[in-house]
$ cat final-v3.cif   # mmCIF, C-alpha atoms
data_run
loop_
_atom_site.label_atom_id
_atom_site.label_comp_id
_atom_site.auth_asym_id
_atom_site.auth_seq_id
_atom_site.Cartn_x
_atom_site.Cartn_y
_atom_site.Cartn_z
CA MET M 103 -77.02 -90.66 0.89
CA ASN M 104 -76.91 -91.08 4.62
CA LYS M 105 -77.28 -87.35 5.11
CA ALA M 106 -80.32 -87.19 2.84
CA SER M 107 -82.18 -89.85 4.74
CA SER M 108 -81.37 -88.18 8.07
CA LYS M 109 -82.52 -84.85 6.74
CA SER M 110 -85.89 -86.25 5.91
CA LYS M 111 -86.31 -87.15 9.61
CA GLY M 112 -85.77 -83.57 10.77
CA VAL M 113 -83.07 -82.44 13.22
CA VAL M 114 -79.58 -83.66 12.54
CA ILE M 115 -76.95 -83.41 15.23
CA GLU M 116 -73.42 -84.25 14.14
CA PRO M 117 -71.29 -84.85 17.23
CA GLN M 118 -67.98 -84.82 15.29
CA GLU M 119 -68.23 -81.16 14.29
CA THR M 120 -67.13 -78.55 16.83
CA ARG M 121 -70.06 -76.25 16.05
CA SER M 122 -72.59 -78.94 16.71
CA SER M 123 -72.10 -78.89 20.48
CA GLU M 124 -72.96 -75.18 20.44
CA ALA M 125 -75.87 -75.98 18.18
CA SER M 126 -77.12 -78.68 20.53
CA GLY M 127 -76.71 -76.26 23.44
CA ASP M 128 -78.90 -73.80 21.56
CA LEU M 129 -81.43 -76.52 20.90
CA LEU M 130 -81.40 -77.49 24.56
CA ARG M 131 -82.04 -73.84 25.46
CA LEU M 132 -84.87 -73.76 22.89
CA LEU M 133 -86.33 -76.88 24.44
CA VAL M 134 -86.22 -75.35 27.94
CA GLU M 135 -87.82 -72.15 26.64
CA ASN M 136 -90.52 -73.82 24.59
CA ILE M 137 -91.57 -76.85 26.53
CA LYS M 138 -94.99 -76.15 28.01
CA GLU M 139 -95.72 -79.01 30.36
CA TYR M 140 -92.65 -78.68 32.59
CA ALA M 141 -91.66 -75.63 34.63
CA ILE M 142 -87.87 -75.61 34.56
CA THR M 143 -86.09 -73.53 37.17
CA ILE M 144 -82.53 -73.17 38.45
CA LEU M 145 -81.95 -72.53 42.15
CA ASP M 146 -78.71 -71.45 43.82
CA PRO M 147 -77.33 -73.58 46.71
CA GLU M 148 -79.49 -71.61 49.20
CA GLY M 149 -82.67 -72.23 47.22
CA MET M 150 -82.95 -68.78 45.62
CA VAL M 151 -84.39 -68.77 42.10
CA THR M 152 -81.70 -67.79 39.58
CA SER M 153 -83.26 -68.85 36.30
CA TRP M 154 -86.88 -68.95 35.24
CA SER M 155 -88.40 -70.49 32.11
CA PRO M 156 -91.51 -69.30 30.20
CA SER M 157 -93.24 -72.58 31.10
CA ALA M 158 -92.54 -71.86 34.78
CA GLU M 159 -94.23 -68.50 34.34
CA LYS M 160 -97.20 -70.21 32.69
CA ILE M 161 -97.60 -72.87 35.38
CA LYS M 162 -96.81 -70.78 38.46
CA GLY M 163 -97.91 -67.30 37.37
CA TYR M 164 -94.76 -65.35 38.31
CA LYS M 165 -92.86 -63.33 35.70
CA ALA M 166 -89.05 -63.79 35.74
CA ASP M 167 -88.40 -60.37 37.32
CA GLU M 168 -90.91 -61.07 40.07
CA ILE M 169 -89.37 -64.33 41.23
CA VAL M 170 -85.68 -64.38 40.34
CA GLY M 171 -83.75 -63.77 43.55
CA LYS M 172 -86.62 -64.97 45.74
CA HIS M 173 -86.55 -68.20 47.76
CA PHE M 174 -88.25 -71.19 46.15
CA SER M 175 -90.38 -71.70 49.28
CA ALA M 176 -92.75 -69.21 47.57
CA PHE M 177 -94.11 -72.25 45.68
CA HIS M 178 -94.80 -74.24 48.84
CA THR M 179 -98.01 -74.31 50.86
CA PRO M 180 -97.88 -72.35 54.16
CA GLU M 181 -98.13 -75.69 56.03
CA ASP M 182 -95.08 -77.05 54.19
CA VAL M 183 -93.12 -73.85 54.82
CA ALA M 184 -94.04 -73.96 58.52
CA SER M 185 -92.83 -77.56 58.81
CA GLY M 186 -89.51 -76.71 57.10
CA LYS M 187 -90.17 -78.86 54.04
CA PRO M 188 -88.35 -76.60 51.49
CA GLU M 189 -85.10 -76.91 53.44
CA ARG M 190 -85.57 -80.68 53.84
CA GLU M 191 -86.09 -81.02 50.07
CA LEU M 192 -82.84 -79.18 49.32
CA ALA M 193 -80.96 -81.23 51.91
CA ALA M 194 -82.33 -84.47 50.45
CA ALA M 195 -81.38 -83.44 46.90
CA ALA M 196 -77.88 -82.40 48.04
CA LYS M 197 -77.40 -85.71 49.87
CA ASP M 198 -78.80 -88.13 47.28
CA GLY M 199 -78.30 -86.03 44.16
CA ARG M 200 -82.02 -86.09 43.48
CA TYR M 201 -85.32 -85.53 45.24
CA GLU M 202 -88.76 -86.31 43.84
CA ASP M 203 -92.18 -85.62 45.30
CA GLU M 204 -95.85 -85.41 44.37
CA THR M 205 -97.49 -82.71 46.42
CA TRP M 206 -99.63 -79.60 46.54
CA ARG M 207 -97.86 -76.40 45.40
CA VAL M 208 -99.05 -72.80 45.28
CA ARG M 209 -99.34 -70.45 42.30
CA LYS M 210 -98.76 -66.68 42.48
CA ASP M 211 -102.52 -66.08 42.83
CA GLY M 212 -102.65 -68.42 45.82
CA THR M 213 -104.44 -71.30 44.04
CA ARG M 214 -103.03 -74.76 44.61
CA PHE M 215 -102.00 -77.31 42.02
CA TRP M 216 -100.95 -80.93 42.33
CA ALA M 217 -97.33 -81.09 41.26
CA ASN M 218 -94.68 -83.62 40.46
CA VAL M 219 -91.42 -82.00 41.53
CA ILE M 220 -87.90 -83.22 40.76
CA LEU M 221 -84.94 -81.46 42.36
CA THR M 222 -81.49 -82.33 40.98
CA ALA M 223 -78.28 -81.20 42.66
CA LEU M 224 -75.95 -79.50 40.18
CA ARG M 225 -72.24 -79.96 40.98
CA ASP M 226 -69.02 -79.08 39.20
CA LYS M 227 -66.36 -81.67 38.45
CA LYS M 228 -64.81 -81.23 41.90
CA GLY M 229 -68.17 -81.92 43.51
CA ASN M 230 -68.91 -78.40 44.69
CA LEU M 231 -72.62 -77.66 44.84
CA LEU M 232 -73.50 -75.00 42.26
CA GLY M 233 -77.22 -75.10 42.76
CA TYR M 234 -80.27 -77.15 41.91
CA GLY M 235 -82.23 -77.85 38.78
CA LYS M 236 -85.94 -78.00 39.45
CA VAL M 237 -88.50 -79.53 37.12
CA THR M 238 -92.15 -79.15 38.10
CA ARG M 239 -95.09 -80.70 36.30
CA ASP M 240 -98.71 -79.68 36.88
CA LEU M 241 -100.66 -82.91 37.44
CA THR M 242 -103.86 -81.31 38.78
CA GLU M 243 -105.96 -82.54 35.86
CA ARG M 244 -104.63 -86.06 36.18
CA LYS M 245 -105.22 -86.09 39.92
CA ARG M 246 -108.73 -84.78 39.47
CA ALA M 247 -109.46 -87.46 36.84
CA GLU M 248 -108.02 -90.16 39.12
CA GLU M 249 -110.14 -89.02 42.03
CA GLN M 250 -113.22 -88.94 39.87
CA ILE M 251 -112.59 -92.50 38.72
CA ARG M 252 -111.97 -93.62 42.30
CA GLN M 253 -115.18 -91.95 43.46
CA GLN M 254 -117.18 -93.50 40.62
CA SER M 255 -115.85 -96.99 41.21
CA ARG M 256 -116.61 -96.64 44.91
CA GLU M 257 -120.18 -95.63 44.12
CA ILE M 258 -120.62 -98.44 41.60
CA LEU M 259 -119.25 -100.97 44.07
CA GLU M 260 -121.53 -99.74 46.83
CA MET M 261 -124.49 -99.72 44.50
CA ALA M 262 -123.72 -103.25 43.30
CA THR M 263 -123.25 -104.57 46.85
CA VAL M 264 -126.58 -103.44 48.25
CA PRO M 265 -128.71 -101.50 45.82
CA VAL M 266 -131.63 -99.93 47.67
CA VAL M 267 -134.18 -98.30 45.37
CA GLN M 268 -137.46 -96.61 46.05
CA VAL M 269 -140.01 -98.31 43.78
CA TRP M 270 -143.08 -96.46 44.99
CA GLU M 271 -143.88 -93.77 47.49
CA GLY M 272 -143.53 -95.62 50.77
CA ILE M 273 -141.87 -98.74 49.30
CA VAL M 274 -138.15 -99.43 49.03
CA LEU M 275 -136.71 -102.48 47.29
CA VAL M 276 -133.41 -104.31 47.77
CA PRO M 277 -132.75 -106.91 45.07
CA LEU M 278 -130.01 -109.06 46.60
CA ILE M 279 -127.76 -110.88 44.16
CA GLY M 280 -125.00 -113.28 45.11
CA VAL M 281 -123.77 -114.63 48.41
CA LEU M 282 -124.75 -112.66 51.51
CA ASP M 283 -121.72 -112.65 53.80
CA SER M 284 -121.40 -110.88 57.16
CA GLU M 285 -119.89 -107.71 55.72
CA ARG M 286 -122.55 -107.37 53.05
CA SER M 287 -125.30 -108.09 55.58
CA GLN M 288 -123.98 -105.28 57.75
CA GLN M 289 -123.97 -102.92 54.76
CA LEU M 290 -127.44 -104.10 53.80
CA MET M 291 -128.77 -103.37 57.27
CA GLU M 292 -127.22 -99.90 57.49
CA LYS M 293 -128.16 -98.81 53.97
CA LEU M 294 -131.68 -100.19 54.17
CA LEU M 295 -132.41 -98.49 57.52
CA GLU M 296 -130.93 -95.25 56.27
CA ARG M 297 -133.08 -95.32 53.10
CA ILE M 298 -136.23 -96.29 55.01
CA THR M 299 -135.90 -93.36 57.41
CA ALA M 300 -134.74 -90.92 54.70
CA THR M 301 -137.69 -91.72 52.42
CA SER M 302 -140.09 -92.39 55.30
CA SER M 303 -141.09 -95.70 53.71
CA PRO M 304 -143.20 -98.04 55.85
CA VAL M 305 -142.52 -101.08 53.62
CA ALA M 306 -139.23 -102.64 52.49
CA LEU M 307 -139.16 -105.42 49.90
CA VAL M 308 -136.10 -107.64 50.30
CA ASP M 309 -135.82 -109.84 47.23
CA ILE M 310 -133.59 -112.90 47.54
CA THR M 311 -134.24 -114.37 44.07
CA GLY M 312 -130.59 -113.83 43.20
CA VAL M 313 -129.18 -115.36 46.38
CA PRO M 314 -127.90 -118.83 45.38
CA THR M 315 -127.95 -120.55 48.77
CA ILE M 316 -128.82 -119.75 52.33
CA ASP M 317 -127.02 -121.12 55.35
CA THR M 318 -127.74 -120.61 59.05
CA LYS M 319 -125.51 -117.54 59.24
CA THR M 320 -127.07 -115.85 56.22
CA ALA M 321 -130.55 -116.58 57.52
CA GLN M 322 -129.58 -115.16 60.91
CA HIS M 323 -128.35 -111.99 59.19
CA LEU M 324 -131.64 -111.67 57.36
CA VAL M 325 -133.63 -112.18 60.56
CA GLU M 326 -131.58 -109.46 62.28
CA THR M 327 -132.06 -107.07 59.40
CA ILE M 328 -135.80 -107.66 59.46
CA LYS M 329 -135.82 -107.00 63.21
CA ALA M 330 -133.89 -103.76 62.83
CA VAL M 331 -136.28 -102.61 60.12
CA ARG M 332 -139.16 -103.26 62.53
CA PHE M 333 -137.46 -101.16 65.18
CA VAL M 334 -137.32 -98.08 62.97
CA GLY M 335 -141.01 -98.55 62.29
CA ALA M 336 -141.24 -100.27 58.91
CA ASP M 337 -142.08 -103.78 57.75
CA VAL M 338 -140.16 -106.20 55.56
CA VAL M 339 -141.71 -108.36 52.89
CA LEU M 340 -139.24 -111.09 51.97
CA THR M 341 -139.67 -112.06 48.32
CA GLY M 342 -138.08 -114.47 45.89
CA VAL M 343 -138.34 -117.42 48.28
CA ARG M 344 -137.76 -120.22 45.75
CA PRO M 345 -138.62 -123.86 46.57
CA ALA M 346 -135.00 -124.73 47.39
CA ILE M 347 -134.69 -121.72 49.69
CA ALA M 348 -138.00 -122.56 51.40
CA GLN M 349 -136.78 -126.13 52.02
CA THR M 350 -133.47 -124.92 53.40
CA LEU M 351 -135.11 -122.39 55.74
CA VAL M 352 -137.38 -125.08 57.21
CA HIS M 353 -134.58 -127.64 57.55
CA LEU M 354 -132.37 -125.08 59.28
CA GLY M 355 -135.22 -124.32 61.69
CA ILE M 356 -135.22 -120.59 60.90
CA ASP M 357 -138.31 -118.99 62.38
CA LEU M 358 -139.82 -116.54 59.91
CA SER M 359 -143.36 -117.01 61.20
CA ASN M 360 -143.91 -113.31 61.83
CA VAL M 361 -142.35 -112.19 58.57
CA THR M 362 -144.43 -111.79 55.42
CA THR M 363 -142.80 -113.89 52.70
CA ARG M 364 -143.72 -114.45 49.06
CA SER M 365 -142.24 -116.56 46.29
CA SER M 366 -142.14 -113.79 43.70
CA LEU M 367 -141.34 -110.12 43.74
CA ALA M 368 -144.61 -109.39 41.96
CA ALA M 369 -146.59 -111.08 44.74
CA GLY M 370 -144.53 -109.17 47.32
CA LEU M 371 -145.26 -105.89 45.59
CA ARG M 372 -148.99 -106.66 45.76
CA VAL M 373 -148.66 -107.30 49.50
CA ALA M 374 -146.80 -104.00 49.88
CA PHE M 375 -149.54 -102.12 48.03
CA GLY M 376 -152.09 -103.78 50.31
CA MET M 377 -150.15 -102.68 53.42
CA LEU M 378 -150.25 -99.10 52.16
CA HIS M 379 -153.95 -99.41 51.25
CA LEU M 380 -153.15 -98.87 47.59
CA CYS M 381 -154.90 -100.77 44.86
CA VAL M 382 -153.83 -101.42 41.30
CA SER M 383 -156.56 -101.41 38.69
CA ALA M 384 -156.40 -102.02 34.95
CA GLU M 385 -157.32 -99.04 32.81
CA SER M 386 -160.70 -99.54 31.15
CA ALA M 387 -160.42 -100.67 27.53
CA ASP M 388 -162.47 -97.91 25.93
CA MET U 791 -134.46 -85.89 91.24
CA HIS U 792 -134.41 -86.71 87.53
CA ARG U 793 -138.06 -87.66 87.35
CA GLU U 794 -138.98 -84.25 86.02
CA THR U 795 -137.21 -85.12 82.77
CA ILE U 796 -140.07 -87.44 81.77
CA THR U 797 -143.33 -85.81 80.78
CA VAL U 798 -146.34 -87.97 79.96
CA ILE U 799 -149.01 -86.15 78.03
CA LYS U 800 -152.40 -87.45 76.98
CA VAL U 801 -153.70 -86.67 73.50
CA ARG U 802 -157.13 -88.05 72.54
CA GLY U 803 -156.84 -90.97 74.90
CA VAL U 804 -153.26 -91.83 73.94
CA LEU U 805 -150.23 -91.28 76.17
CA MET U 806 -147.20 -89.67 74.58
CA VAL U 807 -143.67 -89.64 75.94
CA THR U 808 -140.61 -88.16 74.25
CA MET U 809 -137.38 -89.67 75.52
CA PRO U 810 -134.34 -87.38 75.90
CA ALA U 811 -131.22 -87.99 73.77
CA ASP U 812 -129.25 -89.86 76.40
CA PRO U 813 -131.57 -90.99 79.20
CA ASP U 814 -129.98 -92.05 82.50
CA ASP U 815 -131.23 -94.96 84.63
CA ALA U 816 -133.42 -92.71 86.82
CA THR U 817 -135.14 -91.28 83.74
CA ILE U 818 -135.69 -94.79 82.37
CA SER U 819 -137.29 -96.02 85.63
CA ALA U 820 -139.41 -92.87 85.70
CA LEU U 821 -140.65 -93.73 82.20
CA GLN U 822 -142.15 -97.01 83.42
CA GLU U 823 -143.66 -95.69 86.62
CA LYS U 824 -145.16 -92.53 85.16
CA THR U 825 -146.54 -94.34 82.13
CA LEU U 826 -148.27 -97.00 84.20
CA GLU U 827 -149.68 -94.41 86.59
CA ALA U 828 -151.05 -92.43 83.66
CA MET U 829 -152.50 -95.59 82.08
CA GLU U 830 -154.53 -96.13 85.23
CA GLU U 831 -155.49 -92.51 85.70
CA TYR U 832 -156.67 -91.82 82.13
CA GLU U 833 -157.66 -95.35 81.03
CA ALA U 834 -155.63 -94.60 77.93
CA ARG U 835 -155.78 -96.61 74.69
CA GLY U 836 -152.07 -96.91 74.66
CA LEU U 837 -148.64 -95.33 74.72
CA ILE U 838 -146.62 -93.71 71.95
CA LEU U 839 -142.97 -93.61 72.90
CA ASP U 840 -141.10 -91.11 70.75
CA LEU U 841 -137.46 -92.22 70.43
CA SER U 842 -136.49 -89.87 67.61
CA ARG U 843 -134.10 -87.91 69.84
CA VAL U 844 -132.47 -90.95 71.41
CA ASP U 845 -128.98 -91.75 70.15
CA THR U 846 -127.81 -94.30 72.71
CA LEU U 847 -129.55 -97.42 73.90
CA ASP U 848 -128.28 -99.64 76.71
CA SER U 849 -129.53 -103.01 77.92
CA TYR U 850 -131.42 -101.46 80.85
CA PHE U 851 -133.30 -99.12 78.51
CA ALA U 852 -134.06 -101.98 76.09
CA ARG U 853 -135.32 -104.22 78.93
CA THR U 854 -137.44 -101.45 80.42
CA VAL U 855 -139.07 -100.71 77.06
CA THR U 856 -139.81 -104.43 76.51
CA GLU U 857 -141.25 -104.76 80.05
CA THR U 858 -143.28 -101.57 79.84
CA GLY U 859 -144.80 -102.79 76.57
CA LYS U 860 -145.94 -105.99 78.31
CA MET U 861 -147.29 -104.08 81.32
CA VAL U 862 -149.20 -101.58 79.20
CA ASN U 863 -150.61 -104.56 77.30
CA LEU U 864 -151.77 -106.16 80.58
CA MET U 865 -153.54 -102.93 81.40
CA GLY U 866 -155.33 -103.11 78.06
CA GLY U 867 -153.20 -100.68 76.04
CA GLN U 868 -151.04 -100.82 72.93
CA THR U 869 -147.44 -99.54 72.99
CA ILE U 870 -145.97 -98.04 69.83
CA ILE U 871 -142.38 -96.88 69.64
CA ALA U 872 -141.85 -94.18 67.06
CA GLY U 873 -138.92 -92.72 65.16
CA MET U 874 -136.11 -95.01 66.28
CA ARG U 875 -132.92 -94.04 64.47
CA PRO U 876 -131.05 -96.58 62.28
CA ALA U 877 -127.98 -96.73 64.53
CA VAL U 878 -130.15 -97.27 67.61
CA ALA U 879 -132.13 -99.96 65.74
CA ILE U 880 -128.92 -101.87 65.01
CA THR U 881 -127.95 -101.70 68.69
CA ALA U 882 -131.47 -102.78 69.63
CA THR U 883 -131.16 -106.02 67.62
CA GLN U 884 -127.94 -106.82 69.46
CA LEU U 885 -129.52 -106.05 72.85
CA GLY U 886 -132.48 -108.29 72.09
CA LEU U 887 -135.21 -105.66 72.37
CA ASN U 888 -138.40 -107.71 72.18
CA LEU U 889 -141.31 -106.55 70.06
CA ALA U 890 -143.82 -109.16 71.19
CA PHE U 891 -146.20 -106.58 72.69
CA ILE U 892 -144.91 -103.50 70.93
CA ARG U 893 -145.66 -101.98 67.55
CA THR U 894 -143.33 -99.60 65.76
CA ALA U 895 -143.80 -96.59 63.50
CA LEU U 896 -141.50 -94.37 61.46
CA GLY U 897 -142.62 -91.29 63.38
CA VAL U 898 -145.23 -89.96 65.78
CA ASP U 899 -147.58 -89.15 62.88
CA GLN U 900 -147.53 -92.73 61.64
CA ALA U 901 -147.86 -93.99 65.21
CA LEU U 902 -151.07 -91.95 65.69
CA ASP U 903 -152.42 -93.36 62.40
CA LEU U 904 -151.62 -96.89 63.53
CA MET U 905 -153.23 -96.31 66.94
CA SER U 906 -156.49 -95.00 65.47
CA GLU U 907 -156.57 -97.80 62.87
CA GLU U 908 -156.10 -100.65 65.31
CA HIS U 909 -157.38 -99.23 68.57
CA PRO U 910 -160.15 -96.79 67.69
CA VAL U 911 -161.69 -94.69 70.45
#
$ encode --input "final-v3.cif" --output "structure tokens"
Amino acid sequence: MNKASSKSKGVVIEPQETRSSEASGDLLRLLVENIKEYAITILDPEGMVTSWSPSAEKIKGYKADEIVGKHFSAFHTPEDVASGKPERELAAAAKDGRYEDETWRVRKDGTRFWANVILTALRDKKGNLLGYGKVTRDLTERKRAEEQIRQQSREILEMATVPVVQVWEGIVLVPLIGVLDSERSQQLMEKLLERITATSSPVALVDITGVPTIDTKTAQHLVETIKAVRFVGADVVLTGVRPAIAQTLVHLGIDLSNVTTRSSLAAGLRVAFGMLHLCVSAESAD
Amino acid sequence: MHRETITVIKVRGVLMVTMPADPDDATISALQEKTLEAMEEYEARGLILDLSRVDTLDSYFARTVTETGKMVNLMGGQTIIAGMRPAVAITATQLGLNLAFIRTALGVDQALDLMSEEHPV
């Protein structure tokens, strides 16, 4: 009854029977030979390769007869070999019983892969060091995916902080949303100047519709940004100046007398077109 | 000794000066003197100061540019600085470069357009 239900689940290992330990040893060997994701290698106490699995061949490119008897530093980068890292890894594994690392390793063809490496010291019952078991996993794909995600999130964050877009030839627009702190103001200034010079745009629209409140510091940052834009040879049109913002600016005594300001982005865009001597006309109805 | 580093040329009644990447104090003083001399000699419409090569700006340079702009204005000319780089512009705001008598342009081309628009021959 019990046996039948176990059978339906697949492999049955019966620890009581003497043959089963041999059978499980065989299975273990089958596992080592068939597992694809992990390169399993045995090293002698000096770090020479003594046993090589098919997965190791697949991941690292060496056939068993090419690598058995060679030192495992063949898998390390030249920089690591020069700094004595292979020896340090063995020493660490011998001392602590185990050593784990995520690092660049080298295939037979010289290409590099990002590897998770676990070295385990193998000792007999008296504690004599017989060698090391080495399990290597190729994590290049995962690392690449992680880096891609990191890169994307960095770009999204930067874009969301100060998005500078070219809306017309000669006009760049920054729609600012949220509180403008010192760090963001600095980013705004740098990115805006960089875009103005890169696109050779004489007009920059800075839209503050989405900025909830303005204090003296924020206003000062804006004034500085506008000044810097002037220095590189362009002009700022400040748009989205809502009634509350207009009141605040006057009460704070911020002098924007030589800055063109408009309440809406649409009005600002019209001013920008005017500065570039462009005119917008409706298409005739016929 | 360093005065040779500043060359003032006159193109269609406008003075043009290109500043070197890292002008020393002697070069900066030469800028003011040579420009004003040329203003008198040619009765120029103004000065276009090309800063596109400049990558450092100190307070002396900023003050000299501000002053020269005022002086050129007193002599009846318009000063336009052209092609200031973003990093230099950020420094300029901190140094308090004053644009009261100075116009700016993205480059020399735009500066010439601006000059002929606002101060025709």
$ interface_residues --input "final-v3.cif" --of "chain U" --to "chain M" --cutoff "7 Å" --atoms "all atoms listed in the file" --output "PyMOL selection string"
chain U and resi 872-876+879-880+883+894-896
$ write_last_selection --input "final-v3.cif" --atoms "C-alpha atoms" --output "PDB file, keeping the file's coordinate frame"
ATOM      1  CA  ALA U 872    -141.850 -94.180  67.060  1.00  0.00           C
ATOM      2  CA  GLY U 873    -138.920 -92.720  65.160  1.00  0.00           C
ATOM      3  CA  MET U 874    -136.110 -95.010  66.280  1.00  0.00           C
ATOM      4  CA  ARG U 875    -132.920 -94.040  64.470  1.00  0.00           C
ATOM      5  CA  PRO U 876    -131.050 -96.580  62.280  1.00  0.00           C
ATOM      6  CA  ALA U 879    -132.130 -99.960  65.740  1.00  0.00           C
ATOM      7  CA  ILE U 880    -128.920-101.870  65.010  1.00  0.00           C
ATOM      8  CA  THR U 883    -131.160-106.020  67.620  1.00  0.00           C
ATOM      9  CA  THR U 894    -143.330 -99.600  65.760  1.00  0.00           C
ATOM     10  CA  ALA U 895    -143.800 -96.590  63.500  1.00  0.00           C
ATOM     11  CA  LEU U 896    -141.500 -94.370  61.460  1.00  0.00           C
TER      12      LEU U 896
END
$ closest_residue --input "final-v3.cif" --among "M:Leu132, M:Leu324, M:Ile169, M:Ala374" --to "Asp283 (chain M)" --atoms "only C-alpha atoms"
M:Leu324
$ residues_around --input "final-v3.cif" --residues "Gly859 (chain U)" --least-positions-apart "5" --cutoff "6 Å" --atoms "all atoms listed in the file" --output "mmCIF file with C-alpha atoms, in the coordinates of the input"
data_model
loop_
_atom_site.group_PDB
_atom_site.id
_atom_site.type_symbol
_atom_site.label_atom_id
_atom_site.label_comp_id
_atom_site.auth_asym_id
_atom_site.auth_seq_id
_atom_site.Cartn_x
_atom_site.Cartn_y
_atom_site.Cartn_z
ATOM 1 C CA THR U 869 -147.440 -99.540 72.990
ATOM 2 C CA PHE U 891 -146.200 -106.580 72.690
ATOM 3 C CA ILE U 892 -144.910 -103.500 70.930
#
$ atom_distance --input "final-v3.cif" --atom1 "CA of Leu371 (chain M)" --atom2 "CA of Val266 (chain M)"
15.0 Å
$ closest_residue --input "final-v3.cif" --among "U:Glu857, U:Glu827, U:Asp812, U:Glu908" --to "Ser842 (chain U)" --atoms "all atoms listed in the file"
U:Asp812
$ atom_distance --input "final-v3.cif" --atom1 "CA of Ala384 (chain M)" --atom2 "CA of Gly272 (chain M)"
21.4 Å
$ closest_residue --input "final-v3.cif" --among "U:Arg853, U:Lys860, U:Arg802, U:Lys824" --to "His909 (chain U)" --atoms "only C-alpha atoms"
U:Arg802
$ closest_residue --input "final-v3.cif" --among "M:Tyr164, M:Asp226, M:Glu243, M:Ala193" --to "Val208 (chain M)" --atoms "all atoms listed in the file"
M:Tyr164
$ atom_distance --input "final-v3.cif" --atom1 "CA of Gly836 (chain U)" --atom2 "CA of Leu902 (chain U)"
10.3 Å
$ closest_residue --input "final-v3.cif" --among "M:Arg239, M:Ala300, M:Leu129, M:Gln254" --to "Val267 (chain M)" --atoms "only C-alpha atoms"
M:Ala300
$ residues_near_point --input "final-v3.cif" --point "(-129.3, -101.8, 76.5)" --cutoff "9 Å" --atoms "all atoms listed in the file" --output "VMD selection string"
chain U and resid 846 to 853 881 to 882 884 to 887
$ closest_residue --input "final-v3.cif" --among "M:Ile273, M:Ile142, M:Leu354, M:Leu367" --to "Gly312 (chain M)" --atoms "only C-alpha atoms"
M:Leu367
$ resolve_selection --input "final-v3.cif" --expression "the PyMOL selection byres ((chain M and resi 319) around 12)" --output "PyMOL selection string"
chain M and resi 281-285+287+315-318+320-326+351+354+356
$ resolve_selection --input "final-v3.cif" --expression "the PyMOL selection byres ((chain M and resi 219) around 9)" --output "ChimeraX atom specification"
/M:201-205,217-218,220-221,236-240
